[in-house]
$ cat structure.cif   # mmCIF, C-alpha atoms
data_my_file
loop_
_atom_site.label_atom_id
_atom_site.label_comp_id
_atom_site.auth_asym_id
_atom_site.auth_seq_id
_atom_site.Cartn_x
_atom_site.Cartn_y
_atom_site.Cartn_z
CA MET A 25 -3.59 38.66 -96.08
CA THR A 26 -5.13 42.14 -96.13
CA THR A 27 -3.40 45.26 -94.85
CA LYS A 28 -5.94 45.55 -92.04
CA THR A 29 -5.19 42.01 -90.88
CA LYS A 30 -1.44 42.68 -90.96
CA ASN A 31 -1.87 45.84 -88.88
CA LEU A 32 -4.03 44.03 -86.31
CA ARG A 33 -1.47 41.24 -86.05
CA LEU A 34 1.32 43.79 -85.66
CA LEU A 35 -0.60 45.55 -82.87
CA LEU A 36 -1.20 42.19 -81.21
CA TYR A 37 2.50 41.35 -81.28
CA ILE A 38 3.41 44.77 -79.91
CA GLY A 39 0.88 44.39 -77.12
CA LEU A 40 2.14 40.90 -76.20
CA ILE A 41 5.76 42.06 -76.19
CA ALA A 42 4.86 45.04 -74.00
CA LEU A 43 2.95 42.77 -71.60
CA SER A 44 5.88 40.35 -71.45
CA LEU A 45 8.30 43.14 -70.62
CA PHE A 46 5.90 44.44 -67.96
CA MET A 47 5.80 40.99 -66.33
CA LEU A 48 9.61 40.84 -66.32
CA VAL A 49 9.94 44.14 -64.44
CA PRO A 50 9.68 42.54 -60.93
CA PHE A 51 12.40 40.02 -61.83
CA TYR A 52 14.63 42.75 -63.18
CA TRP A 53 14.05 44.83 -60.03
CA MET A 54 14.97 41.83 -57.87
CA VAL A 55 18.20 41.16 -59.78
CA ILE A 56 19.29 44.79 -59.95
CA SER A 57 18.41 45.37 -56.27
CA SER A 58 20.69 42.48 -55.32
CA LEU A 59 23.58 44.50 -56.76
CA LYS A 60 22.82 47.70 -54.85
CA LEU A 61 23.56 48.96 -51.38
CA ASN A 62 20.68 48.49 -48.96
CA LYS A 63 20.03 52.25 -48.77
CA ASP A 64 19.62 52.41 -52.57
CA VAL A 65 17.08 49.61 -52.97
CA PHE A 66 14.05 51.84 -52.25
CA SER A 67 15.60 55.14 -53.30
CA ILE A 68 13.28 57.75 -54.81
CA PRO A 69 13.44 58.18 -57.72
CA MET A 70 14.28 54.56 -58.41
CA LYS A 71 17.62 53.89 -60.09
CA TRP A 72 17.07 51.35 -62.85
CA TRP A 73 20.82 50.87 -63.05
CA PRO A 74 23.07 51.54 -60.00
CA ASP A 75 26.19 53.64 -60.29
CA THR A 76 28.24 50.74 -58.88
CA LEU A 77 27.43 47.03 -59.01
CA HIS A 78 28.03 45.47 -55.61
CA TRP A 79 28.77 41.83 -56.42
CA GLU A 80 30.04 41.38 -52.89
CA ASN A 81 26.40 41.03 -51.78
CA TYR A 82 26.43 37.49 -53.13
CA LYS A 83 29.67 36.69 -51.35
CA THR A 84 28.21 38.06 -48.12
CA ILE A 85 25.10 35.88 -48.10
CA TRP A 86 27.10 32.72 -48.74
CA ALA A 87 29.39 33.64 -45.85
CA LYS A 88 26.63 34.51 -43.37
CA LEU A 89 24.38 31.47 -43.93
CA PRO A 90 25.04 27.79 -44.73
CA LEU A 91 23.42 28.15 -48.15
CA VAL A 92 25.25 25.09 -49.49
CA THR A 93 23.43 22.93 -46.95
CA PHE A 94 20.10 24.63 -47.65
CA PHE A 95 20.54 24.23 -51.41
CA PHE A 96 21.47 20.57 -51.03
CA ASN A 97 18.43 19.86 -48.84
CA THR A 98 16.07 21.66 -51.21
CA ALA A 99 17.54 19.96 -54.28
CA LYS A 100 17.27 16.58 -52.55
CA LEU A 101 13.60 17.11 -51.74
CA ALA A 102 12.76 18.55 -55.16
CA VAL A 103 14.58 15.93 -57.25
CA VAL A 104 13.50 12.86 -55.25
CA THR A 105 9.88 14.04 -54.98
CA THR A 106 9.74 14.85 -58.70
CA ILE A 107 11.09 11.42 -59.71
CA ILE A 108 8.71 9.54 -57.40
CA GLN A 109 5.74 11.65 -58.44
CA LEU A 110 6.52 11.12 -62.12
CA ALA A 111 6.68 7.35 -61.58
CA THR A 112 3.44 7.11 -59.58
CA SER A 113 1.55 9.51 -61.87
CA CYS A 114 2.62 7.73 -65.06
CA PHE A 115 1.72 4.26 -63.75
CA ALA A 116 -1.63 5.44 -62.40
CA ALA A 117 -2.45 7.36 -65.60
CA TYR A 118 -1.69 4.29 -67.69
CA GLY A 119 -4.01 2.22 -65.54
CA PHE A 120 -6.80 4.79 -65.86
CA THR A 121 -6.51 5.02 -69.66
CA LYS A 122 -5.12 1.86 -71.28
CA THR A 123 -6.47 -0.87 -69.00
CA ARG A 124 -10.06 -1.76 -68.24
CA PHE A 125 -11.36 -2.80 -64.85
CA LYS A 126 -14.61 -2.45 -62.94
CA GLY A 127 -15.16 0.98 -61.41
CA ARG A 128 -12.19 2.55 -63.21
CA ASP A 129 -13.89 5.83 -64.09
CA LEU A 130 -15.53 6.13 -60.66
CA ILE A 131 -12.22 5.61 -58.86
CA PHE A 132 -10.54 8.15 -61.11
CA LEU A 133 -13.33 10.67 -60.47
CA MET A 134 -13.05 10.22 -56.71
CA TYR A 135 -9.27 10.54 -56.86
CA VAL A 136 -9.28 13.67 -59.02
CA THR A 137 -11.92 15.28 -56.79
CA THR A 138 -9.29 15.52 -54.06
CA ILE A 139 -7.65 18.30 -56.10
CA ALA A 140 -10.44 20.59 -54.91
CA VAL A 141 -9.61 19.94 -51.24
CA PRO A 142 -7.23 22.64 -49.91
CA TRP A 143 -4.14 21.45 -48.07
CA GLN A 144 -5.16 23.53 -45.04
CA VAL A 145 -8.17 21.22 -44.54
CA TYR A 146 -6.10 18.07 -43.91
CA MET A 147 -2.91 19.77 -42.72
CA ILE A 148 -3.42 18.95 -39.02
CA PRO A 149 -4.50 15.29 -39.52
CA GLN A 150 -1.55 14.84 -41.87
CA PHE A 151 0.84 16.30 -39.30
CA ILE A 152 -0.52 13.94 -36.62
CA LEU A 153 -0.14 10.96 -38.95
CA VAL A 154 3.44 11.85 -39.90
CA SER A 155 4.32 12.43 -36.23
CA LYS A 156 2.89 9.04 -35.18
CA MET A 157 4.95 7.40 -37.93
CA GLY A 158 8.07 9.00 -36.45
CA LEU A 159 8.80 10.95 -39.64
CA ASN A 160 8.49 14.44 -38.18
CA ASP A 161 11.64 16.54 -38.71
CA THR A 162 12.81 14.26 -41.53
CA HIS A 163 13.08 14.69 -45.28
CA LEU A 164 11.40 11.32 -45.79
CA GLY A 165 8.18 12.62 -44.25
CA LEU A 166 8.04 15.55 -46.68
CA ILE A 167 8.85 13.31 -49.64
CA LEU A 168 6.16 10.75 -48.81
CA MET A 169 3.52 13.46 -48.40
CA GLN A 170 4.13 14.64 -51.96
CA ALA A 171 4.89 11.30 -53.61
CA PHE A 172 1.35 11.00 -55.00
CA SER A 173 -0.39 13.77 -56.90
CA ALA A 174 -3.97 13.76 -58.16
CA PHE A 175 -3.09 16.68 -60.42
CA GLY A 176 -0.13 14.75 -61.84
CA VAL A 177 -2.31 11.72 -62.59
CA PHE A 178 -4.92 13.94 -64.22
CA LEU A 179 -2.32 15.75 -66.35
CA ILE A 180 -0.61 12.56 -67.56
CA ARG A 181 -3.92 10.77 -68.12
CA GLN A 182 -5.22 13.56 -70.34
CA PHE A 183 -2.11 13.19 -72.49
CA TYR A 184 -2.29 9.39 -72.58
CA ILE A 185 -5.87 9.60 -73.85
CA SER A 186 -4.53 11.18 -77.04
CA ILE A 187 -2.33 8.11 -77.68
CA PRO A 188 -4.28 5.74 -79.99
CA ASP A 189 -5.44 2.53 -78.31
CA GLU A 190 -4.57 0.72 -81.54
CA LEU A 191 -0.87 1.05 -80.65
CA CYS A 192 -1.44 -0.80 -77.37
CA GLU A 193 -3.59 -3.45 -79.06
CA ALA A 194 -0.89 -4.05 -81.67
CA ALA A 195 1.69 -4.42 -78.91
CA ARG A 196 -0.54 -6.96 -77.11
CA ILE A 197 -0.88 -8.97 -80.30
CA ASP A 198 2.92 -8.98 -80.57
CA GLY A 199 3.08 -10.57 -77.13
CA LEU A 200 3.95 -7.63 -74.85
CA ASN A 201 2.46 -7.60 -71.37
CA GLU A 202 1.10 -4.42 -69.76
CA TYR A 203 4.48 -3.45 -68.31
CA GLY A 204 6.10 -3.90 -71.71
CA ILE A 205 3.43 -1.80 -73.42
CA PHE A 206 3.87 0.93 -70.85
CA ALA A 207 7.67 0.93 -71.08
CA ARG A 208 8.04 0.61 -74.85
CA VAL A 209 4.97 2.34 -76.27
CA VAL A 210 3.19 4.71 -73.90
CA PHE A 211 6.05 5.94 -71.73
CA PRO A 212 8.27 7.21 -74.61
CA LEU A 213 5.32 9.06 -76.16
CA GLY A 214 4.51 10.81 -72.88
CA LYS A 215 7.65 12.97 -72.68
CA PRO A 216 5.81 16.31 -73.23
CA ALA A 217 3.39 15.64 -70.37
CA MET A 218 6.20 14.39 -68.15
CA ALA A 219 8.22 17.55 -68.85
CA THR A 220 5.22 19.65 -67.88
CA LEU A 221 4.70 17.72 -64.64
CA THR A 222 8.43 17.95 -63.92
CA ILE A 223 8.32 21.74 -64.10
CA PHE A 224 5.20 21.98 -61.92
CA THR A 225 6.40 19.51 -59.29
CA PHE A 226 10.00 20.72 -59.08
CA THR A 227 8.88 24.36 -58.82
CA ASN A 228 6.26 23.63 -56.16
CA VAL A 229 8.62 21.59 -54.00
CA TRP A 230 11.53 24.02 -54.43
CA ASN A 231 9.39 27.03 -53.50
CA ASP A 232 7.46 25.28 -50.73
CA PHE A 233 7.65 27.23 -47.47
CA MET A 234 4.83 26.01 -45.25
CA GLY A 235 5.65 22.30 -45.46
CA PRO A 236 9.30 22.60 -44.37
CA LEU A 237 8.32 25.27 -41.83
CA ILE A 238 5.89 22.89 -40.13
CA TYR A 239 7.86 19.64 -40.32
CA LEU A 240 11.55 20.62 -40.19
CA LYS A 241 13.04 21.89 -36.94
CA THR A 242 16.71 20.94 -37.25
CA LYS A 243 18.83 23.62 -38.92
CA GLU A 244 20.83 21.06 -40.91
CA LEU A 245 17.61 19.80 -42.55
CA LYS A 246 16.08 23.13 -43.53
CA THR A 247 15.52 24.28 -47.10
CA ILE A 248 16.55 27.42 -48.96
CA GLN A 249 13.18 29.09 -48.36
CA LEU A 250 13.55 28.64 -44.60
CA GLY A 251 17.16 29.79 -44.96
CA ILE A 252 16.06 33.07 -46.51
CA ARG A 253 13.51 33.51 -43.72
CA MET A 254 16.25 32.79 -41.17
CA PHE A 255 18.44 35.36 -42.90
CA ILE A 256 15.72 38.00 -42.55
CA SER A 257 15.20 37.25 -38.87
CA GLN A 258 18.94 37.43 -38.14
CA PHE A 259 19.96 40.45 -40.17
CA GLY A 260 16.74 42.45 -40.35
CA ALA A 261 15.50 44.17 -43.45
CA ASP A 262 18.72 44.26 -45.46
CA TYR A 263 16.89 44.02 -48.74
CA ALA A 264 19.98 43.98 -50.97
CA TRP A 265 21.18 40.77 -49.30
CA ILE A 266 17.65 39.35 -49.29
CA MET A 267 17.35 39.97 -53.04
CA ALA A 268 20.73 38.34 -53.63
CA ALA A 269 19.58 35.23 -51.74
CA SER A 270 16.30 35.23 -53.68
CA VAL A 271 18.15 35.38 -57.00
CA CYS A 272 20.29 32.42 -55.97
CA SER A 273 17.21 30.42 -55.00
CA LEU A 274 15.57 31.20 -58.35
CA ILE A 275 18.42 29.94 -60.54
CA PRO A 276 17.69 26.17 -60.26
CA VAL A 277 14.01 26.72 -61.14
CA VAL A 278 15.00 28.72 -64.22
CA ILE A 279 17.44 25.98 -65.29
CA VAL A 280 14.77 23.27 -64.96
CA PHE A 281 12.24 25.35 -66.88
CA LEU A 282 14.65 26.12 -69.71
CA SER A 283 15.61 22.46 -69.89
CA CYS A 284 11.99 21.31 -70.20
CA GLN A 285 10.38 24.27 -71.96
CA LYS A 286 10.78 22.53 -75.35
CA PHE A 287 8.03 20.11 -74.31
CA PHE A 288 6.15 22.38 -71.90
CA VAL A 289 3.70 24.06 -74.29
CA GLU A 290 3.17 20.83 -76.20
CA GLY A 291 2.41 18.97 -73.01
CA VAL A 292 -0.08 21.57 -71.71
CA ALA A 293 -1.83 21.79 -75.10
CA ALA A 294 -1.99 18.04 -75.68
CA SER A 295 -3.26 17.35 -72.14
CA GLY A 296 -6.42 19.32 -72.93
CA ILE A 297 -7.30 17.57 -76.21
CA LYS A 298 -9.76 15.09 -74.72
CA GLY A 299 -11.68 14.89 -71.48
#
$ encode --input "structure.cif" --output "structure tokens"
Amino acid sequence: MTTKTKNLRLLLYIGLIALSLFMLVPFYWMVISSLKLNKDVFSIPMKWWPDTLHWENYKTIWAKLPLVTFFFNTAKLAVVTTIIQLATSCFAAYGFTKTRFKGRDLIFLMYVTTIAVPWQVYMIPQFILVSKMGLNDTHLGLILMQAFSAFGVFLIRQFYISIPDELCEAARIDGLNEYGIFARVVFPLGKPAMATLTIFTFTNVWNDFMGPLIYLKTKELKTIQLGIRMFISQFGADYAWIMAASVCSLIPVVIVFLSCQKFFVEGVAASGIKG
């Protein structure tokens, strides 16, 4: 490796590190603002480290709002939806890659095309349908609406394509049926793609605001995002408390990402190998 190449690589690393730190600035500002007094959050010049850390902000928000209930509701929606979506996406992806039936590619193309349709287009018809089913203001309605994902099927399918068909053929020769092949051969090899879909689905459901806002009316059923909005409406623009609540709501997402990040890059990279 020449000296010029080493210098270019060094500059590239420095640039990437600087960009990473720049992207972390908003998160640092949110965390440090949650430990300030409200009057110091937007002080000029900005204090990157407060003179006193006010940990009581976190105690205050847990006392003023039923955050335990909001966290439980959000975790329930996120976990159940993620599990169901993983199951439906994996089964559908297996059918679109490792089995052959008439019109398979056309059906998959039509299904994936729905990704391009914004939720706002079918939001009202969906609300009418859920209301007529008697699932308005219930967690079940929100879960069923997100139980199937065209993006999830596409992501898992792209990964399953990279699994050699010879493995499935060998399993068929050994006497396994399609469910056995899926459970013993394809499913274990799909962990990277499943980890990627887990992060995407859990994050989307946990951070969802519009869905719960439209469908949930009862306070005991609301999610953490609606809880933060309720906090703002009740206590005004007390940004230190708002930042403390936001930090609390971010922790589960960070935990899920760190738990699955080992497979995340592998899953994203492998899902784009073949089209």
$ resolve_selection --input "structure.cif" --expression "the PyMOL selection byres ((chain A and resi 100) around 12)" --output "ChimeraX atom specification"
/A:93-99,101-107,163-164,166-167,226,229-230,245-248
$ closest_residue --input "structure.cif" --among "A:Ala171, A:Ile152, A:Cys114, A:Val278" --to "Phe183 of chain A" --atoms "all atoms listed in the file"
A:Cys114
$ atom_distance --input "structure.cif" --atom1 "atom CA of Thr138 of chain A" --atom2 "atom CA of Leu110 of chain A"
18.3 Å
$ closest_residue --input "structure.cif" --among "A:Met157, A:Ala174, A:Ile185, A:Ala117" --to "Val136 of chain A" --atoms "all atoms listed in the file"
A:Ala174
$ atom_distance --input "structure.cif" --atom1 "atom CA of Phe175 of chain A" --atom2 "atom CA of Thr222 of chain A"
12.1 Å
$ atom_distance --input "structure.cif" --atom1 "atom CA of Leu240 of chain A" --atom2 "atom CA of Ile256 of chain A"
18.0 Å
$ resolve_selection --input "structure.cif" --expression "the PyMOL selection byres ((chain A and resi 255) around 9)" --output "MDAnalysis selection string"
chainID A and resid 85 88:89 250:254 256:260 265:266 269
$ resolve_selection --input "structure.cif" --expression "the PyMOL selection byres ((chain A and resi 224) around 12)" --output "PyMOL selection string"
chain A and resi 102+105-106+109-110+173+175-176+179+217-223+225-232+277+280-281+284-285+288+291-292
$ closest_residue --input "structure.cif" --among "A:Gly214, A:Pro50, A:Gly204, A:Pro90" --to "Lys243 of chain A" --atoms "all atoms listed in the file"
A:Pro90
$ build_atoms --input "structure.cif" --residues "segment 35-52 of chain A" --atoms "N, CA, C and O atoms" --output "PDB file, keeping the file's coordinate frame"
ATOM      1  N   LEU A  35      -0.193  44.968 -84.152  1.00  0.00           N
ATOM      2  CA  LEU A  35      -0.600  45.550 -82.870  1.00  0.00           C
ATOM      3  C   LEU A  35      -0.658  44.482 -81.778  1.00  0.00           C
ATOM      4  O   LEU A  35      -0.290  44.725 -80.622  1.00  0.00           O
ATOM      5  N   LEU A  36      -1.128  43.291 -82.172  1.00  0.00           N
ATOM      6  CA  LEU A  36      -1.200  42.190 -81.210  1.00  0.00           C
ATOM      7  C   LEU A  36       0.191  41.804 -80.733  1.00  0.00           C
ATOM      8  O   LEU A  36       0.418  41.617 -79.529  1.00  0.00           O
ATOM      9  N   TYR A  37       1.133  41.698 -81.644  1.00  0.00           N
ATOM     10  CA  TYR A  37       2.500  41.350 -81.280  1.00  0.00           C
ATOM     11  C   TYR A  37       3.124  42.415 -80.375  1.00  0.00           C
ATOM     12  O   TYR A  37       3.798  42.101 -79.391  1.00  0.00           O
ATOM     13  N   ILE A  38       2.882  43.675 -80.723  1.00  0.00           N
ATOM     14  CA  ILE A  38       3.410  44.770 -79.910  1.00  0.00           C
ATOM     15  C   ILE A  38       2.832  44.720 -78.494  1.00  0.00           C
ATOM     16  O   ILE A  38       3.547  44.899 -77.502  1.00  0.00           O
ATOM     17  N   GLY A  39       1.526  44.475 -78.419  1.00  0.00           N
ATOM     18  CA  GLY A  39       0.880  44.390 -77.120  1.00  0.00           C
ATOM     19  C   GLY A  39       1.411  43.226 -76.290  1.00  0.00           C
ATOM     20  O   GLY A  39       1.655  43.366 -75.078  1.00  0.00           O
ATOM     21  N   LEU A  40       1.619  42.063 -76.925  1.00  0.00           N
ATOM     22  CA  LEU A  40       2.140  40.900 -76.200  1.00  0.00           C
ATOM     23  C   LEU A  40       3.573  41.126 -75.734  1.00  0.00           C
ATOM     24  O   LEU A  40       3.941  40.735 -74.618  1.00  0.00           O
ATOM     25  N   ILE A  41       4.385  41.760 -76.578  1.00  0.00           N
ATOM     26  CA  ILE A  41       5.760  42.060 -76.190  1.00  0.00           C
ATOM     27  C   ILE A  41       5.787  43.036 -75.010  1.00  0.00           C
ATOM     28  O   ILE A  41       6.549  42.862 -74.052  1.00  0.00           O
ATOM     29  N   ALA A  42       4.926  44.063 -75.082  1.00  0.00           N
ATOM     30  CA  ALA A  42       4.860  45.040 -74.000  1.00  0.00           C
ATOM     31  C   ALA A  42       4.411  44.376 -72.697  1.00  0.00           C
ATOM     32  O   ALA A  42       4.952  44.655 -71.615  1.00  0.00           O
ATOM     33  N   LEU A  43       3.422  43.481 -72.793  1.00  0.00           N
ATOM     34  CA  LEU A  43       2.950  42.770 -71.600  1.00  0.00           C
ATOM     35  C   LEU A  43       4.024  41.868 -71.030  1.00  0.00           C
ATOM     36  O   LEU A  43       4.192  41.776 -69.803  1.00  0.00           O
ATOM     37  N   SER A  44       4.792  41.216 -71.907  1.00  0.00           N
ATOM     38  CA  SER A  44       5.880  40.350 -71.450  1.00  0.00           C
ATOM     39  C   SER A  44       6.947  41.149 -70.713  1.00  0.00           C
ATOM     40  O   SER A  44       7.434  40.732 -69.654  1.00  0.00           O
ATOM     41  N   LEU A  45       7.303  42.296 -71.275  1.00  0.00           N
ATOM     42  CA  LEU A  45       8.300  43.140 -70.620  1.00  0.00           C
ATOM     43  C   LEU A  45       7.791  43.650 -69.273  1.00  0.00           C
ATOM     44  O   LEU A  45       8.548  43.734 -68.299  1.00  0.00           O
ATOM     45  N   PHE A  46       6.496  43.976 -69.215  1.00  0.00           N
ATOM     46  CA  PHE A  46       5.900  44.440 -67.960  1.00  0.00           C
ATOM     47  C   PHE A  46       5.971  43.350 -66.893  1.00  0.00           C
ATOM     48  O   PHE A  46       6.249  43.628 -65.718  1.00  0.00           O
ATOM     49  N   MET A  47       5.752  42.094 -67.290  1.00  0.00           N
ATOM     50  CA  MET A  47       5.800  40.990 -66.330  1.00  0.00           C
ATOM     51  C   MET A  47       7.231  40.697 -65.873  1.00  0.00           C
ATOM     52  O   MET A  47       7.449  40.139 -64.789  1.00  0.00           O
ATOM     53  N   LEU A  48       8.219  41.079 -66.683  1.00  0.00           N
ATOM     54  CA  LEU A  48       9.610  40.840 -66.320  1.00  0.00           C
ATOM     55  C   LEU A  48      10.171  41.926 -65.412  1.00  0.00           C
ATOM     56  O   LEU A  48      11.266  41.750 -64.852  1.00  0.00           O
ATOM     57  N   VAL A  49       9.450  43.032 -65.255  1.00  0.00           N
ATOM     58  CA  VAL A  49       9.940  44.140 -64.440  1.00  0.00           C
ATOM     59  C   VAL A  49      10.241  43.712 -63.000  1.00  0.00           C
ATOM     60  O   VAL A  49      11.307  44.055 -62.464  1.00  0.00           O
ATOM     61  N   PRO A  50       9.350  42.952 -62.320  1.00  0.00           N
ATOM     62  CA  PRO A  50       9.680  42.540 -60.930  1.00  0.00           C
ATOM     63  C   PRO A  50      10.959  41.710 -60.842  1.00  0.00           C
ATOM     64  O   PRO A  50      11.734  41.847 -59.887  1.00  0.00           O
ATOM     65  N   PHE A  51      11.181  40.843 -61.843  1.00  0.00           N
ATOM     66  CA  PHE A  51      12.400  40.020 -61.830  1.00  0.00           C
ATOM     67  C   PHE A  51      13.636  40.889 -62.054  1.00  0.00           C
ATOM     68  O   PHE A  51      14.673  40.677 -61.414  1.00  0.00           O
ATOM     69  N   TYR A  52      13.507  41.848 -62.949  1.00  0.00           N
ATOM     70  CA  TYR A  52      14.630  42.750 -63.180  1.00  0.00           C
ATOM     71  C   TYR A  52      14.924  43.566 -61.920  1.00  0.00           C
ATOM     72  O   TYR A  52      16.090  43.746 -61.545  1.00  0.00           O
TER      73      TYR A  52
END
